[in-house]
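Visitor: Below: one structure in structure tokens.
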Amino acid sequence: MPDELLAEVDAEARRSGSTRSAVLREFADAALRRRREGRAEAMRGLLDEAAAEGGHGGDAAEQVKATRPKP
Amino acid sequence: MTTLLLDASVLLAAADPKGNHHGPSRAILEDDKIAVATLDLARYEVVNVAVRGWRAPALAGPLLAVIDRLADDGGVVTSAGSLLSDAAVLAEAHGISVYDAAYAAAAQTAGLELVSCDERDLVSKGLASLPANVG
């Protein structure tokens, strides 16, 4: 990790009365949470778009097998 | 934090409002408390079903976009040679196709729970959980 970035992390730890590892854990958790939230939000839009095409008869697993190349 | 590996059947069920596993499959993809991954094979399989099975080629774009979003979340596992070697062993042991076994091998290698709508070849053999039974 670059020294400058580490210095910023340490400054944040001092400001919040925390530790370097706690700050890094918090930042990692927040970044991953934002990523999951972004995916979940995008899925709502994409799956609404797909659902607008109507139903397709279900049984997705059998559909996958039926369209695979035959040996 | 839980990370699930979804096979193509779950991605397709989530996009098929009349499907028997639609609700739970969609709920997984829209759950912001878990990370979600899949296998690169899913790209071929969802497009194949959209075009050849559903006769709905317009759905190829949204389905691929769903997988692209997973690439930015739990990830899209690459079907490398080592994974397919593991899949071959699983396929032989369970009497299933290498396609199905590849998902199981990807999940086992990464220590993830595999989720599938395939009761016959994956769920019944203890290799995957149904979308409704996750957690």
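Labeling convention for the structure tokens: chains A, B, ... as they appear, residues from 1 per chain, ligands from 1 in order of appearance.
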With only C-alpha atoms as the counted atoms, please give the residues lying no more than 8 Å from Ile34 (chain B), apart from itself and same-chain residues fewer than 4 positions off, as a compact mmCIF listing (two decimals) with C-alpha atoms, in the first residue's frame.

Guide:
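File produced: around11.txt:
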```
# COMPACT_ATOMS: atom_id res chain seq x y z
CA ARG A 36 -23.66 -5.56 -3.70
CA MET B 1 -20.91 -12.57 4.24
CA THR B 2 -22.31 -15.32 2.03
CA THR B 3 -21.32 -15.76 -1.60
CA LEU B 4 -23.46 -18.00 -3.77
CA ILE B 28 -31.29 -14.01 -4.62
```

Visitor: Listing only residues of region 15-62 of chain B within 12 Å of region 90-100 of chain B, what is the closest atom pair and its distance in Å (to one decimal) for each, using only C-alpha atoms, sorted by chain and residue number ascending, as a Markdown table?

Guide:
```
| residue | atom | partner | partner_atom | distance |
| --- | --- | --- | --- | --- |
| B:Leu39 | CA | B:Tyr99 | CA | 10.4 |
| B:Asp40 | CA | B:Tyr99 | CA | 11.2 |
| B:Leu41 | CA | B:Tyr99 | CA | 8.0 |
| B:Ala42 | CA | B:Tyr99 | CA | 9.7 |
| B:Tyr44 | CA | B:Tyr99 | CA | 11.2 |
| B:Glu45 | CA | B:Tyr99 | CA | 9.8 |
```

Visitor: Can I get the selected residues back with N, CA and C atoms, as an mmCIF file, in the first residue's frame?

Guide:
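Generated file (again.cif):
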```cif
data_model
loop_
_atom_site.group_PDB
_atom_site.id
_atom_site.type_symbol
_atom_site.label_atom_id
_atom_site.label_comp_id
_atom_site.auth_asym_id
_atom_site.auth_seq_id
_atom_site.Cartn_x
_atom_site.Cartn_y
_atom_site.Cartn_z
ATOM 1 N N LEU B 39 -20.452 -19.077 -13.394
ATOM 2 C CA LEU B 39 -19.383 -19.655 -14.210
ATOM 3 C C LEU B 39 -19.491 -19.082 -15.619
ATOM 4 N N ASP B 40 -18.377 -18.924 -16.313
ATOM 5 C CA ASP B 40 -18.429 -18.339 -17.666
ATOM 6 C C ASP B 40 -19.313 -19.136 -18.625
ATOM 7 N N LEU B 41 -19.440 -20.443 -18.374
ATOM 8 C CA LEU B 41 -20.314 -21.285 -19.183
ATOM 9 C C LEU B 41 -21.751 -20.739 -19.227
ATOM 10 N N ALA B 42 -22.153 -20.060 -18.161
ATOM 11 C CA ALA B 42 -23.528 -19.552 -18.077
ATOM 12 C C ALA B 42 -23.836 -18.584 -19.222
ATOM 13 N N TYR B 44 -22.988 -18.812 -22.373
ATOM 14 C CA TYR B 44 -23.447 -19.598 -23.520
ATOM 15 C C TYR B 44 -24.832 -20.183 -23.239
ATOM 16 N N GLU B 45 -25.006 -20.678 -22.023
ATOM 17 C CA GLU B 45 -26.238 -21.404 -21.733
ATOM 18 C C GLU B 45 -27.461 -20.499 -21.698
#
```

Visitor: Counting only C-alpha atoms, which residues in chain B sit no more than 8 Å from chain A? For each one, give the nearest pair of atoms and the distance in Å, sorted by chain then residue number, as a Markdown table.

Guide:
```
| residue | atom | partner | partner_atom | distance |
| --- | --- | --- | --- | --- |
| B:Ala8 | CA | A:Val64 | CA | 7.3 |
| B:Ser9 | CA | A:Ala61 | CA | 4.9 |
| B:Val10 | CA | A:Ala60 | CA | 7.4 |
| B:Leu12 | CA | A:Ala60 | CA | 6.0 |
| B:Ala13 | CA | A:Ala60 | CA | 5.7 |
| B:Ala14 | CA | A:Leu47 | CA | 7.0 |
| B:Ala15 | CA | A:Ala50 | CA | 5.4 |
| B:Asp16 | CA | A:Gly55 | CA | 5.2 |
| B:Pro17 | CA | A:Gly55 | CA | 5.3 |
| B:Lys18 | CA | A:Gly55 | CA | 4.7 |
| B:Gly19 | CA | A:Gly58 | CA | 3.5 |
| B:Asn20 | CA | A:Gly58 | CA | 5.8 |
| B:His21 | CA | A:Gly58 | CA | 7.9 |
| B:Arg26 | CA | A:Leu47 | CA | 7.8 |
| B:Leu29 | CA | A:Ala40 | CA | 6.2 |
| B:Glu30 | CA | A:Ala40 | CA | 4.2 |
| B:Asp31 | CA | A:Ala40 | CA | 5.9 |
| B:Asp32 | CA | A:Glu37 | CA | 4.9 |
| B:Lys33 | CA | A:Arg36 | CA | 7.1 |
| B:Ile34 | CA | A:Arg36 | CA | 7.1 |
| B:Ala35 | CA | A:Arg36 | CA | 6.3 |
| B:Glu45 | CA | A:Val64 | CA | 6.2 |
| B:Val46 | CA | A:Val64 | CA | 7.5 |
| B:Asn48 | CA | A:Thr67 | CA | 6.3 |
| B:Val49 | CA | A:Val64 | CA | 6.1 |
| B:Arg52 | CA | A:Thr67 | CA | 6.7 |
| B:Gly53 | CA | A:Gln63 | CA | 6.4 |
| B:Trp54 | CA | A:His56 | CA | 6.0 |
| B:Leu59 | CA | A:Ala50 | CA | 6.2 |
| B:Pro62 | CA | A:Leu46 | CA | 5.8 |
| B:Leu63 | CA | A:Leu46 | CA | 7.8 |
| B:Ala65 | CA | A:Leu46 | CA | 7.5 |
| B:Val66 | CA | A:Met43 | CA | 6.5 |
| B:Arg69 | CA | A:Arg39 | CA | 5.9 |
| B:Leu70 | CA | A:Arg39 | CA | 7.2 |
| B:Asp72 | CA | A:Arg35 | CA | 7.5 |
| B:Asp73 | CA | A:Arg36 | CA | 6.3 |
| B:Ser116 | CA | A:Ala61 | CA | 7.8 |
| B:Cys117 | CA | A:Ala61 | CA | 5.7 |
| B:Asp118 | CA | A:Ala61 | CA | 5.1 |
```

Visitor: Please list as a VMD selection string every residue within 12 Å of Ala13 (chain A), counting only C-alpha atoms and excluding residues in the same chain fewer than 3 positions away.

Guide: chain A and resid 6 to 10 16 to 27

Visitor: Output C-alpha atoms for every residue in the selection just made, as a compact mmCIF listing (two decimals), in the first residue's frame.

Guide:
```txt
# COMPACT_ATOMS: atom_id res chain seq x y z
CA LEU A 6 -1.46 4.56 4.57
CA ALA A 7 -0.93 8.00 6.11
CA GLU A 8 -4.52 8.91 5.22
CA VAL A 9 -5.78 5.69 6.78
CA ASP A 10 -3.79 6.42 9.95
CA SER A 16 -12.19 8.39 14.77
CA GLY A 17 -10.28 7.06 17.79
CA SER A 18 -9.92 3.75 16.04
CA THR A 19 -7.12 1.55 14.71
CA ARG A 20 -5.58 1.15 11.26
CA SER A 21 -6.98 -2.37 10.86
CA ALA A 22 -10.43 -1.30 12.03
CA VAL A 23 -10.48 1.54 9.50
CA LEU A 24 -9.34 -0.76 6.69
CA ARG A 25 -11.99 -3.32 7.66
CA GLU A 26 -14.67 -0.62 7.72
CA PHE A 27 -13.64 0.74 4.32
```

Visitor: Please provide the set of residues having any atom within 12 Å of Ala110 (chain B), restricted to only C-alpha atoms, with same-chain residues fewer than 4 positions apart removed, written as an MDAnalysis selection string.

Guide: chainID B and resid 3:5 37:39 74:78 83 103:106 114

Visitor: From a DSSP calculation on the backbone, collect every residue of region 7-41 of chain B in strand (DSSP E) and output the set as number ranges by chain.

Guide: B: 35-39

Visitor: Restricting it to C-alpha atoms, dump the selection as a PDB file, in the first residue's frame.

Guide:
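What landed in out-v2.pdb:
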```pdb
ATOM      1  CA  ALA B  35     -22.534 -11.696  -3.063  1.00  0.00           C
ATOM      2  CA  VAL B  36     -23.379 -13.641  -6.191  1.00  0.00           C
ATOM      3  CA  ALA B  37     -21.098 -15.399  -8.677  1.00  0.00           C
ATOM      4  CA  THR B  38     -21.469 -17.686 -11.682  1.00  0.00           C
ATOM      5  CA  LEU B  39     -19.383 -19.655 -14.210  1.00  0.00           C
TER       6      LEU B  39
END
```

Visitor: Let's see if you can do this: from backbone DSSP, list all alpha helix (DSSP H) residues in region 17-127 of chain B, as a VMD selection string.

Guide: chain B and resid 22 to 29 41 to 48 60 to 71 81 to 94 98 to 110
